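Asker: Enclosed is the structure file run.csv (CSV, C-alpha atoms and all ligand atoms).
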chain,number,residue,atom,x,y,z
A,1,MET,CA,-27.3,-13.3,-20.9
A,2,ALA,CA,-24.3,-13.9,-18.7
A,3,ARG,CA,-20.9,-13.9,-20.6
A,4,VAL,CA,-18.8,-16.8,-19.5
A,5,GLY,CA,-15.1,-16.3,-19.2
A,6,SER,CA,-12.2,-18.7,-18.9
A,7,GLU,CA,-11.8,-18.3,-15.2
A,8,GLY,CA,-15.2,-19.7,-14.4
A,9,THR,CA,-16.6,-17.5,-11.5
A,10,ALA,CA,-19.5,-15.3,-12.4
A,11,CYS,CA,-20.5,-12.0,-10.8
A,12,SER,CA,-23.3,-12.6,-8.3
A,13,ILE,CA,-25.1,-9.4,-9.5
A,14,CYS,CA,-24.9,-9.3,-13.3
A,15,GLY,CA,-23.7,-12.8,-14.0
A,16,ALA,CA,-20.6,-11.7,-16.0
A,17,ALA,CA,-17.5,-13.8,-15.7
A,18,PHE,CA,-15.2,-12.1,-18.2
A,19,PRO,CA,-12.5,-11.0,-18.1
A,20,ALA,CA,-12.2,-12.4,-14.5
A,21,VAL,CA,-14.2,-12.4,-11.3
A,22,ALA,CA,-12.5,-13.4,-8.0
A,23,LYS,CA,-14.5,-16.1,-6.2
A,24,ALA,CA,-13.8,-14.4,-2.8
A,25,LEU,CA,-15.5,-11.2,-3.9
A,26,GLY,CA,-18.1,-12.7,-6.3
A,27,LEU,CA,-18.4,-9.2,-7.9
A,28,CYS,CA,-17.2,-8.0,-11.2
A,29,ALA,CA,-15.4,-4.6,-11.6
A,30,ALA,CA,-18.4,-2.9,-13.3
A,31,CYS,CA,-20.8,-3.9,-10.5
A,32,ALA,CA,-18.2,-3.0,-7.9
A,33,ARG,CA,-18.0,0.5,-9.4
A,34,ALA,CA,-21.7,0.8,-9.6
A,35,GLY,CA,-22.0,0.1,-5.8
A,36,GLY,CA,-25.4,-0.2,-4.2
A,37,GLY,CA,-26.7,-2.5,-1.4
A,38,ALA,CA,-26.1,-5.9,-3.0
A,39,ALA,CA,-22.5,-4.9,-3.9
A,40,GLU,CA,-21.8,-3.5,-0.5
A,41,ASP,CA,-23.0,-6.8,1.1
A,42,LEU,CA,-20.7,-8.8,-1.0
A,43,VAL,CA,-17.8,-6.5,-0.3
A,44,LYS,CA,-18.4,-6.6,3.5
A,45,ARG,CA,-18.7,-10.4,3.4
A,46,ALA,CA,-15.5,-10.8,1.4
A,47,HIS,CA,-13.4,-8.7,3.7
A,48,ALA,CA,-14.9,-10.0,6.9
A,49,LYS,CA,-14.0,-13.5,5.8
A,50,ALA,CA,-10.5,-12.6,4.8
A,51,ARG,CA,-9.8,-10.8,8.1
A,52,ALA,CA,-11.5,-13.2,10.5
A,53,ALA,CA,-8.7,-15.8,10.3
A,54,PHE,CA,-6.3,-13.1,11.8
A,55,GLY,CA,-8.7,-11.8,14.4
A,56,LEU,CA,-8.9,-8.4,12.6
A,57,SER,CA,-12.1,-6.3,12.7
A,58,PRO,CA,-14.1,-6.6,9.4
A,59,PHE,CA,-14.2,-2.8,8.9
A,60,PRO,CA,-13.0,0.3,10.6
A,61,PRO,CA,-15.0,0.4,13.9
A,62,ARG,CA,-17.3,3.3,14.5
A,63,GLY,CA,-19.2,2.3,17.6
A,64,GLY,CA,-17.1,3.9,20.3
A,65,THR,CA,-18.0,7.0,22.3
A,66,GLY,CA,-14.4,8.1,23.3
A,67,ARG,CA,-11.7,9.5,21.1
A,68,ALA,CA,-11.1,8.3,17.5
A,69,CYS,CA,-7.6,7.2,16.4
A,70,ARG,CA,-6.1,9.7,14.0
A,71,MET,CA,-3.0,7.8,12.9
A,72,CYS,CA,-4.5,7.1,9.5
A,73,GLY,CA,-7.4,7.9,7.2
A,74,ASN,CA,-9.5,5.1,8.7
A,75,ALA,CA,-10.2,7.3,11.8
A,76,CYS,CA,-11.3,4.2,13.8
A,77,LEU,CA,-13.6,4.8,16.7
A,78,PRO,CA,-13.6,1.5,18.6
A,79,ALA,CA,-15.9,0.6,21.5
A,80,GLU,CA,-14.2,-0.1,24.8
A,81,GLY,CA,-11.9,-3.1,24.5
A,82,GLU,CA,-12.3,-3.2,20.7
A,83,ARG,CA,-9.3,-3.0,18.4
A,84,GLY,CA,-8.8,-0.6,15.4
A,85,TYR,CA,-8.8,-1.8,11.8
A,86,CYS,CA,-5.0,-2.3,11.8
A,87,GLY,CA,-5.1,-4.4,15.0
A,88,LEU,CA,-2.5,-2.2,16.8
A,89,ARG,CA,-4.8,0.1,18.7
A,90,VAL,CA,-7.4,-0.7,21.4
A,91,ALA,CA,-10.0,1.5,23.1
A,92,ARG,CA,-9.3,1.8,26.8
A,93,ASP,CA,-11.0,4.2,29.3
A,94,GLY,CA,-12.3,6.5,26.6
A,95,GLY,CA,-8.9,6.8,24.9
A,96,ILE,CA,-6.8,4.9,22.4
A,97,ARG,CA,-4.1,2.6,23.7
A,98,HIS,CA,-1.2,1.7,21.3
A,99,LEU,CA,-0.2,-1.9,21.4
A,100,ALA,CA,2.6,-1.2,18.9
A,101,GLY,CA,3.6,1.4,16.3
A,102,THR,CA,4.8,4.2,18.6
A,103,SER,CA,8.2,5.8,18.7
A,104,ARG,CA,9.2,3.2,21.3
A,105,GLY,CA,8.4,0.0,19.5
A,106,ALA,CA,6.8,-1.7,16.4
A,107,VAL,CA,5.8,-5.0,15.0
A,108,VAL,CA,8.6,-5.3,12.5
A,109,GLU,CA,11.1,-7.5,10.8
A,110,PHE,CA,14.2,-6.5,8.8
A,111,TYR,CA,16.9,-7.8,6.5
A,112,HIS,CA,19.6,-6.6,4.2
A,113,ASP,CA,19.1,-6.9,0.5
A,114,PRO,CA,22.2,-6.5,-1.7
A,115,LEU,CA,21.9,-3.6,-4.2
A,116,PRO,CA,20.7,-3.6,-7.0
A,117,THR,CA,17.4,-4.9,-5.6
A,118,ASN,CA,13.9,-5.3,-6.7
A,119,CYS,CA,12.5,-1.8,-6.0
A,120,VAL,CA,9.4,-0.1,-7.4
A,121,ALA,CA,11.6,2.9,-8.1
A,122,ASP,CA,14.7,1.1,-9.4
A,123,TRP,CA,14.3,2.5,-12.9
A,124,VAL,CA,14.5,6.1,-11.7
A,125,CYS,CA,16.7,5.9,-8.6
A,126,ALA,CA,20.4,5.9,-8.9
A,127,GLY,CA,20.7,4.4,-5.4
A,128,SER,CA,19.2,1.1,-6.6
A,129,ARG,CA,22.3,0.6,-8.8
A,130,ASP,CA,24.7,1.2,-5.9
A,131,ARG,CA,26.6,-2.1,-6.3
A,132,GLY,CA,28.5,-3.3,-3.2
A,133,ARG,CA,26.0,-1.6,-0.9
A,134,ASN,CA,22.8,-2.9,0.6
A,135,ASN,CA,19.2,-1.9,1.2
A,136,LEU,CA,17.9,-2.3,4.7
A,137,ALA,CA,14.4,-3.6,4.0
A,138,VAL,CA,12.1,-3.0,7.0
A,139,PHE,CA,9.0,-5.0,6.9
A,140,LEU,CA,6.2,-3.6,9.1
A,141,GLY,CA,3.8,-6.1,10.4
A,142,ALA,CA,0.5,-4.3,10.1
A,143,CYS,CA,-1.6,-2.5,7.5
A,144,THR,CA,-4.4,0.1,7.3
A,145,PHE,CA,-5.8,-1.6,4.1
A,146,ASP,CA,-7.2,-5.1,3.5
A,147,CYS,CA,-6.4,-5.7,-0.2
A,148,LEU,CA,-7.8,-9.0,-1.3
A,149,PHE,CA,-4.9,-9.3,-3.8
A,150,CYS,CA,-2.3,-8.5,-1.2
A,151,GLN,CA,1.2,-9.5,-2.4
A,152,ASN,CA,2.7,-9.5,1.1
A,153,ALA,CA,-0.1,-11.2,3.0
A,154,GLN,CA,2.2,-12.8,5.5
A,155,PHE,CA,2.3,-9.5,7.5
A,156,ARG,CA,-1.1,-10.5,8.9
A,157,MET,CA,0.6,-13.3,11.0
A,158,LEU,CA,2.8,-10.7,12.6
A,159,THR,CA,-0.2,-8.5,13.4
A,160,ALA,CA,-2.1,-11.5,14.9
A,161,CYS,CA,0.9,-12.4,17.2
A,162,LEU,CA,1.9,-8.8,17.8
A,163,ALA,CA,5.5,-10.0,17.3
A,164,PRO,CA,8.3,-9.5,16.9
A,165,ILE,CA,8.4,-6.1,18.6
A,166,ARG,CA,11.6,-4.1,18.0
A,167,ARG,CA,12.9,-0.8,19.4
A,168,PRO,CA,13.8,2.0,16.9
A,169,GLU,CA,17.5,1.8,18.0
A,170,GLU,CA,17.6,-1.8,16.8
A,171,ILE,CA,16.5,-0.9,13.3
A,172,ALA,CA,18.9,2.1,13.2
A,173,ALA,CA,21.8,0.0,14.4
A,174,ALA,CA,21.1,-2.4,11.5
A,175,ALA,CA,21.9,0.4,9.1
A,176,ASP,CA,25.7,-0.3,8.7
A,177,GLU,CA,28.4,1.4,6.7
A,178,ALA,CA,27.3,-0.5,3.6
A,179,THR,CA,23.7,0.5,3.8
A,180,GLY,CA,22.8,2.7,0.9
A,181,CYS,CA,19.0,3.0,1.6
A,182,ILE,CA,16.4,2.1,4.2
A,183,CYS,CA,13.1,1.1,2.7
A,184,TRP,CA,10.0,1.0,4.9
A,185,PHE,CA,7.4,-1.3,3.6
A,186,GLY,CA,5.3,-4.3,4.8
A,187,GLY,CA,2.3,-4.4,5.5
A,188,ASP,CA,2.4,-0.7,5.4
A,189,PRO,CA,4.2,2.1,7.2
A,190,SER,CA,1.0,4.0,7.7
A,191,ALA,CA,0.0,2.1,10.8
A,192,GLN,CA,3.4,2.6,12.5
A,193,MET,CA,4.7,5.9,11.3
A,194,PRO,CA,6.0,7.3,14.6
A,195,PHE,CA,8.3,4.3,14.9
A,196,ALA,CA,9.6,4.5,11.3
A,197,LEU,CA,10.2,8.2,11.6
A,198,ARG,CA,12.1,7.8,14.9
A,199,ALA,CA,14.2,4.9,13.7
A,200,SER,CA,15.1,6.8,10.5
A,201,GLU,CA,16.0,9.9,12.5
A,202,ILE,CA,18.4,7.8,14.6
A,203,ALA,CA,19.9,6.2,11.6
A,204,LEU,CA,20.5,9.5,9.8
A,205,THR,CA,22.2,11.1,12.8
A,206,SER,CA,24.2,8.1,14.1
A,207,GLY,CA,27.0,9.0,11.7
A,208,ARG,CA,27.6,5.4,10.6
A,209,SER,CA,26.1,5.9,7.1
A,210,LYS,CA,23.9,8.4,5.4
A,211,PRO,CA,21.2,6.2,3.9
A,212,ARG,CA,18.5,7.3,1.6
A,213,ILE,CA,15.2,7.0,3.4
A,214,CYS,CA,12.4,5.5,1.2
A,215,TRP,CA,8.8,4.5,1.8
A,216,GLU,CA,6.6,2.0,0.0
A,217,THR,CA,3.1,2.8,1.1
A,218,ASN,CA,-0.7,2.9,0.5
A,219,GLY,CA,-0.4,6.5,1.5
A,220,SER,CA,-3.2,6.5,4.1
A,221,MET,CA,-1.2,7.9,7.0
A,222,HIS,CA,-2.1,11.1,8.9
A,223,PRO,CA,-0.9,14.0,6.7
A,224,GLY,CA,1.5,15.2,9.4
A,225,PHE,CA,3.4,11.9,9.2
A,226,LEU,CA,3.6,12.2,5.4
A,227,ARG,CA,5.0,15.7,5.7
A,228,ARG,CA,7.9,14.4,7.9
A,229,ALA,CA,8.4,11.4,5.6
A,230,MET,CA,8.7,13.7,2.6
A,231,ASP,CA,11.1,16.0,4.5
A,232,MET,CA,13.3,13.0,5.2
A,233,SER,CA,13.2,11.5,1.7
A,234,LEU,CA,13.9,14.9,0.1
A,235,SER,CA,16.9,15.6,2.3
A,236,SER,CA,18.4,12.1,2.2
A,237,GLY,CA,18.0,11.5,-1.6
A,238,GLY,CA,15.3,8.9,-1.1
A,239,CYS,CA,11.7,8.8,-2.3
A,240,VAL,CA,8.1,8.0,-1.3
A,241,LYS,CA,6.5,5.3,-3.4
A,242,PHE,CA,2.7,5.5,-3.4
A,243,ASP,CA,0.8,2.4,-4.4
A,244,LEU,CA,-2.4,3.7,-5.9
A,245,LYS,CA,-4.7,0.7,-6.0
A,246,ALA,CA,-7.7,2.1,-7.7
A,247,PHE,CA,-9.2,5.6,-8.4
A,248,ASP,CA,-12.9,4.8,-8.4
A,249,PRO,CA,-14.0,5.0,-4.7
A,250,ASN,CA,-16.3,2.0,-4.9
A,251,LEU,CA,-13.8,-0.2,-6.7
A,252,HIS,CA,-11.2,0.8,-4.1
A,253,LEU,CA,-13.5,-0.1,-1.3
A,254,ALA,CA,-14.3,-3.5,-2.9
A,255,LEU,CA,-10.7,-4.4,-3.4
A,256,CYS,CA,-9.0,-2.8,-0.4
A,257,GLY,CA,-11.8,-2.8,2.2
A,258,VAL,CA,-11.5,1.0,3.0
A,259,SER,CA,-11.7,4.4,1.3
A,260,ASN,CA,-8.9,5.9,-0.8
A,261,ARG,CA,-9.8,9.5,0.2
A,262,MET,CA,-6.8,10.0,2.4
A,263,THR,CA,-4.4,8.4,-0.1
A,264,LEU,CA,-5.5,10.7,-2.9
A,265,GLU,CA,-5.3,13.8,-0.7
A,266,ASN,CA,-1.8,12.7,0.6
A,267,PHE,CA,-0.6,12.0,-3.0
A,268,THR,CA,-1.8,15.5,-4.0
A,269,TYR,CA,0.3,17.0,-1.2
A,270,ALA,CA,3.3,14.9,-2.0
A,271,ALA,CA,3.1,15.9,-5.7
A,272,SER,CA,3.1,19.6,-4.6
A,273,ARG,CA,6.6,19.0,-3.3
A,274,VAL,CA,8.2,17.4,-6.3
A,275,GLY,CA,9.6,20.7,-7.5
A,276,GLU,CA,11.8,20.9,-4.4
A,277,ARG,CA,14.1,18.2,-5.8
A,278,PRO,CA,12.9,17.1,-9.3
A,279,GLU,CA,15.8,14.6,-9.7
A,280,PRO,CA,16.0,11.9,-8.6
A,281,PRO,CA,12.2,12.0,-8.3
A,282,PRO,CA,11.1,12.1,-4.6
A,283,LEU,CA,7.6,10.7,-5.5
A,284,VAL,CA,6.9,7.6,-7.5
A,285,ALA,CA,3.5,6.0,-8.1
A,286,SER,CA,2.7,2.4,-8.8
A,287,THR,CA,-0.4,0.3,-9.5
A,288,LEU,CA,-0.9,-3.5,-9.5
A,289,MET,CA,-2.6,-4.6,-12.7
A,290,VAL,CA,-5.2,-7.0,-11.2
A,291,PRO,CA,-6.9,-9.0,-14.0
A,292,GLY,CA,-10.6,-8.2,-14.3
A,293,TYR,CA,-10.4,-5.3,-11.8
A,294,VAL,CA,-7.5,-3.0,-12.5
A,295,GLU,CA,-7.2,-3.0,-16.2
A,296,ALA,CA,-6.6,-0.2,-18.8
A,297,GLU,CA,-9.8,1.6,-17.9
A,298,GLU,CA,-8.9,2.0,-14.2
A,299,VAL,CA,-5.2,2.6,-14.9
A,300,GLY,CA,-6.3,5.4,-17.2
A,301,ARG,CA,-8.3,7.0,-14.4
A,302,ILE,CA,-5.3,6.8,-12.0
A,303,ALA,CA,-2.9,8.1,-14.6
A,304,SER,CA,-5.2,11.1,-15.4
A,305,PHE,CA,-5.3,11.9,-11.7
A,306,ILE,CA,-1.4,11.8,-11.5
A,307,ALA,CA,-1.0,13.7,-14.7
A,308,GLY,CA,-3.3,16.4,-13.5
A,309,LEU,CA,-0.8,17.0,-10.7
A,310,ASN,CA,2.4,16.6,-12.5
A,311,ARG,CA,2.9,14.7,-15.8
A,312,ASP,CA,6.5,13.8,-15.0
A,313,ILE,CA,5.8,11.8,-11.8
A,314,PRO,CA,7.2,8.3,-12.6
A,315,TYR,CA,4.4,5.6,-12.8
A,316,SER,CA,5.2,1.9,-12.4
A,317,LEU,CA,2.7,-0.7,-13.5
A,318,LEU,CA,3.3,-3.9,-11.6
A,319,ALA,CA,2.4,-7.4,-12.7
A,320,PHE,CA,0.0,-9.3,-10.4
A,321,HIS,CA,0.7,-12.8,-9.1
A,322,PRO,CA,-2.3,-14.8,-7.7
A,323,GLN,CA,-2.1,-14.4,-4.0
A,324,HIS,CA,-4.1,-14.2,-0.7
A,325,ALA,CA,-7.9,-14.0,-1.4
A,326,MET,CA,-7.4,-13.7,-5.1
A,327,ARG,CA,-5.5,-16.9,-5.8
A,328,ASP,CA,-8.0,-17.9,-8.4
A,329,LEU,CA,-7.3,-15.0,-10.7
A,330,PRO,CA,-4.7,-15.4,-13.5
A,331,ALA,CA,-1.5,-13.5,-13.5
A,332,THR,CA,-1.3,-10.3,-15.5
A,333,SER,CA,-1.0,-11.0,-19.2
A,334,MET,CA,1.4,-9.3,-21.6
A,335,ARG,CA,-1.6,-7.9,-23.4
A,336,GLN,CA,-3.2,-6.4,-20.2
A,337,ALA,CA,0.2,-4.8,-19.4
A,338,GLU,CA,0.5,-3.3,-22.8
A,339,GLU,CA,-3.0,-1.9,-22.7
A,340,CYS,CA,-2.4,-0.4,-19.2
A,341,ARG,CA,0.9,1.2,-20.4
A,342,GLU,CA,-0.9,2.7,-23.4
A,343,ALA,CA,-3.7,4.0,-21.1
A,344,ALA,CA,-1.1,5.7,-18.8
A,345,LEU,CA,0.8,7.3,-21.6
A,346,GLY,CA,-2.5,8.3,-23.2
A,347,ALA,CA,-3.5,10.1,-20.0
A,348,GLY,CA,-0.4,12.3,-20.5
A,349,LEU,CA,2.2,10.8,-18.2
A,350,THR,CA,5.8,11.0,-19.6
A,351,ARG,CA,7.5,8.3,-17.5
A,352,VAL,CA,5.6,4.9,-17.5
A,353,HIS,CA,7.3,1.6,-16.7
A,354,VAL,CA,6.1,-2.0,-16.5
A,355,GLY,CA,7.7,-3.8,-13.5
A,356,ASN,CA,7.8,-7.5,-12.4
A,357,ILE,CA,7.8,-8.5,-16.1
A,358,HIS,CA,9.0,-12.0,-15.1
A,359,LEU,CA,5.5,-12.5,-13.7
A,360,LEU,CA,3.7,-11.6,-17.0
A,361,ARG,CA,2.0,-14.6,-18.7
A,401,LIG,S1,-3.9,3.5,12.8
A,401,LIG,FE1,-5.6,3.7,11.3
A,401,LIG,S2,-6.4,1.6,11.2
A,401,LIG,FE2,-5.1,1.6,13.0
A,401,LIG,S3,-6.6,2.1,14.7
A,401,LIG,FE3,-5.7,4.1,14.0
A,401,LIG,S4,-7.2,4.8,12.5
A,401,LIG,FE4,-7.6,2.6,12.7
A,402,LIG,S1,-1.7,-2.0,1.3
A,402,LIG,FE1,-0.2,-3.5,0.6
A,402,LIG,S2,0.3,-4.7,2.5
A,402,LIG,FE2,-1.6,-3.6,2.9
A,402,LIG,S3,-3.2,-5.1,2.4
A,402,LIG,FE3,-2.8,-3.7,0.6
A,402,LIG,S4,-1.3,-4.9,-0.7
A,402,LIG,FE4,-1.3,-5.8,1.4
Once more with this new file: its structure as structure tokens, please.

Answerer:
Amino acid sequence: MARVGSEGTACSICGAAFPAVAKALGLCAACARAGGGAAEDLVKRAHAKARAAFGLSPFPPRGGTGRACRMCGNACLPAEGERGYCGLRVARDGGIRHLAGTSRGAVVEFYHDPLPTNCVADWVCAGSRDRGRNNLAVFLGACTFDCLFCQNAQFRMLTACLAPIRRPEEIAAAADEATGCICWFGGDPSAQMPFALRASEIALTSGRSKPRICWETNGSMHPGFLRRAMDMSLSSGGCVKFDLKAFDPNLHLALCGVSNRMTLENFTYAASRVGERPEPPPLVASTLMVPGYVEAEEVGRIASFIAGLNRDIPYSLLAFHPQHAMRDLPATSMRQAEECREAALGAGLTRVHVGNIHLLR
């Protein structure tokens, strides 16, 4: 018999509605993990609907005959005239044409945030307590994932308009004498890494300030870009913040629309470099505690993966606020947060933190 939960929507496969099922997905976490044809259909339908409003392809295209894009793990192979999953590349004459996200220009906005600021790494990074200085927050207007719970969904408007386009020199010039750190986020840096790397290089060599270079990412970029990002963060005192959404591949596909294979491979590489500068930590992991989907069980899996690489990698558990296609879910509860924290510690991690506590209900 179907269990009925307080949120009302039932899983279309098993009928369960507890602890929470998002209407947009119509699939509970257990059935998402189990996969299979019916679950795949629901997942495809949910993401196609969420993306159609922004003119984005429902899944990474595979129907082309020319060259695949290798900028990120999606490895899109669009047919002539079709765009890649991120919306920034199009197939033309057998090759891939970049509409933005090269070393010459990107879809991006930026602003200065006085330090200390709300940063995933603020509990381990001395830079976040640099009073009197600022963080140059660079918001990239595209992403290589399609998280139904996206907490920064407005980036999709920038992708749809392909605007504003900025040059790397403009971003570098915004790093003034008071800029203590540059944080690349969005959207996600993964779709526009050549730009972010170029702008960071200019900022570091311009002589106006020596900012820490930091990244907040889903970690799906080409490994070559990650290597350069790690080099920059290690030498500047910054860090790479990987958001690990789910460990189970089917659950990740259901929630984020694409595979987590590249993210996990890239995280493994990044962890291999922690010993080059143990403090302040150059690598920080985070996970959004999505009610019904990313609860203690999934957090335990993610934490075991991290602990298997290095038990001392800081792990931040972030409270979820109902957003985007998962507006009907409740916010993370105190109890869920505590269970997730215990699961992470139980997996062997030594540095676990709960962030966004003002959002906990
Ligand atoms: S950057 Fe990634 S998502 Fe965008 S077209 Fe290339 S492979 Fe696809
Ligand atoms: S990776 Fe981040 S910005 Fe991209 S869709 Fe997911 S939550 Fe949104």

Asker: Within 8 Å of stretch 200-206 of chain A, counting only C-alpha atoms, which residues show up once you throw out same-chain ones fewer than 4 positions away? Write them as number ranges by chain, please.

Answerer: A: 168-169, 172-173, 175, 182, 196, 210-211, 213

Asker: For the point (-2.5, -13.7, -6.4) in file coordinates, what residues are within 12 Å, counting only C-alpha atoms? Give the answer as a PyMOL selection string?

Answerer: chain A and resi 22+24+147-153+288-291+319-332+359

Asker: Could you write out that same residue set with C-alpha atoms as a PDB file, keeping the file's coordinate frame?

Answerer:
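File part02.pdb, as written:
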ATOM      1  CA  ALA A  22     -12.500 -13.400  -8.000  1.00  0.00           C
ATOM      2  CA  ALA A  24     -13.800 -14.400  -2.800  1.00  0.00           C
ATOM      3  CA  CYS A 147      -6.400  -5.700  -0.200  1.00  0.00           C
ATOM      4  CA  LEU A 148      -7.800  -9.000  -1.300  1.00  0.00           C
ATOM      5  CA  PHE A 149      -4.900  -9.300  -3.800  1.00  0.00           C
ATOM      6  CA  CYS A 150      -2.300  -8.500  -1.200  1.00  0.00           C
ATOM      7  CA  GLN A 151       1.200  -9.500  -2.400  1.00  0.00           C
ATOM      8  CA  ASN A 152       2.700  -9.500   1.100  1.00  0.00           C
ATOM      9  CA  ALA A 153      -0.100 -11.200   3.000  1.00  0.00           C
ATOM     10  CA  LEU A 288      -0.900  -3.500  -9.500  1.00  0.00           C
ATOM     11  CA  MET A 289      -2.600  -4.600 -12.700  1.00  0.00           C
ATOM     12  CA  VAL A 290      -5.200  -7.000 -11.200  1.00  0.00           C
ATOM     13  CA  PRO A 291      -6.900  -9.000 -14.000  1.00  0.00           C
ATOM     14  CA  ALA A 319       2.400  -7.400 -12.700  1.00  0.00           C
ATOM     15  CA  PHE A 320       0.000  -9.300 -10.400  1.00  0.00           C
ATOM     16  CA  HIS A 321       0.700 -12.800  -9.100  1.00  0.00           C
ATOM     17  CA  PRO A 322      -2.300 -14.800  -7.700  1.00  0.00           C
ATOM     18  CA  GLN A 323      -2.100 -14.400  -4.000  1.00  0.00           C
ATOM     19  CA  HIS A 324      -4.100 -14.200  -0.700  1.00  0.00           C
ATOM     20  CA  ALA A 325      -7.900 -14.000  -1.400  1.00  0.00           C
ATOM     21  CA  MET A 326      -7.400 -13.700  -5.100  1.00  0.00           C
ATOM     22  CA  ARG A 327      -5.500 -16.900  -5.800  1.00  0.00           C
ATOM     23  CA  ASP A 328      -8.000 -17.900  -8.400  1.00  0.00           C
ATOM     24  CA  LEU A 329      -7.300 -15.000 -10.700  1.00  0.00           C
ATOM     25  CA  PRO A 330      -4.700 -15.400 -13.500  1.00  0.00           C
ATOM     26  CA  ALA A 331      -1.500 -13.500 -13.500  1.00  0.00           C
ATOM     27  CA  THR A 332      -1.300 -10.300 -15.500  1.00  0.00           C
ATOM     28  CA  LEU A 359       5.500 -12.500 -13.700  1.00  0.00           C
TER      29      LEU A 359
END

Asker: So, counting all atoms listed in the file, which residue among A:Thr102, A:Ser316, A:Thr268, A:Ser190 is closest to A:Asp122?

Answerer: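 Once distances to A:Asp122 are computed over all atoms listed in the file, the minimum belongs to A:Ser316.
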
Asker: Please identify all protein, DNA and RNA residues within 7 Å of ligand LIG 401 (chain A), counting all atoms listed in the file, and report them as a PyMOL selection string.

Answerer: chain A and resi 60+69-76+83-89+144+191

Asker: What's the 10 Å shell around A:His112, counting only C-alpha atoms, without same-chain residues fewer than 4 positions away, as a list in words?

Answerer: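 Once the nearby chain positions are removed, what remains is Arg133, Asn134, Asn135, Leu136, Ala137, Val138, Ala174, Ala175, Asp176, Ala178, Thr179, Cys181 and Ile182 of chain A.
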
Asker: Which chain A residues have any atom within 9 Å of an atom of ligand LIG 402 (chain A), and for each, what is the nearest pair of atoms with distance in Å to one decimal, counting all atoms listed in the file, rows sorted by chain and number, as a Markdown table?

Answerer:
| residue | atom | partner | partner_atom | distance |
| --- | --- | --- | --- | --- |
| A:Leu140 | CA | A:LIG402 | S2 | 8.9 |
| A:Gly141 | CA | A:LIG402 | S2 | 8.8 |
| A:Ala142 | CA | A:LIG402 | FE2 | 7.5 |
| A:Cys143 | CA | A:LIG402 | FE2 | 4.7 |
| A:Thr144 | CA | A:LIG402 | FE2 | 6.4 |
| A:Phe145 | CA | A:LIG402 | S3 | 4.7 |
| A:Asp146 | CA | A:LIG402 | S3 | 4.1 |
| A:Cys147 | CA | A:LIG402 | S3 | 4.2 |
| A:Leu148 | CA | A:LIG402 | S3 | 7.1 |
| A:Phe149 | CA | A:LIG402 | S4 | 6.5 |
| A:Cys150 | CA | A:LIG402 | S4 | 3.8 |
| A:Gln151 | CA | A:LIG402 | S4 | 5.5 |
| A:Asn152 | CA | A:LIG402 | FE4 | 5.5 |
| A:Ala153 | CA | A:LIG402 | FE4 | 5.8 |
| A:Gln154 | CA | A:LIG402 | FE4 | 8.8 |
| A:Phe155 | CA | A:LIG402 | S2 | 7.2 |
| A:Arg156 | CA | A:LIG402 | S3 | 8.7 |
| A:Phe185 | CA | A:LIG402 | S2 | 7.9 |
| A:Gly186 | CA | A:LIG402 | S2 | 5.5 |
| A:Gly187 | CA | A:LIG402 | S2 | 3.6 |
| A:Asp188 | CA | A:LIG402 | S2 | 5.4 |
| A:Glu216 | CA | A:LIG402 | FE1 | 8.8 |
| A:Thr217 | CA | A:LIG402 | S1 | 6.8 |
| A:Asn218 | CA | A:LIG402 | S1 | 5.1 |
| A:Gly219 | CA | A:LIG402 | S1 | 8.6 |
| A:Asp243 | CA | A:LIG402 | S1 | 7.6 |
| A:Lys245 | CA | A:LIG402 | FE3 | 8.2 |
| A:Leu255 | CA | A:LIG402 | FE3 | 8.9 |
| A:Cys256 | CA | A:LIG402 | FE3 | 6.3 |
| A:Gly257 | CA | A:LIG402 | S3 | 8.9 |
| A:Leu288 | CA | A:LIG402 | S4 | 8.9 |

Asker: Which residue out of A:Gly348, A:Gly238, A:Gly36, A:Gly355 has the minimum interatomic distance to A:Ile306 when all atoms listed in the file are used?

Answerer: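 Ranking A:Gly348, A:Gly238, A:Gly36, A:Gly355 by distance to A:Ile306, first place goes to A:Gly348.
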
Asker: Do a neighbour search on A:Phe305 at 9 Å with only C-alpha atoms, toss out local chain neighbours closer than 5 positions, and write the hits as a count of residues only.

Answerer: 4
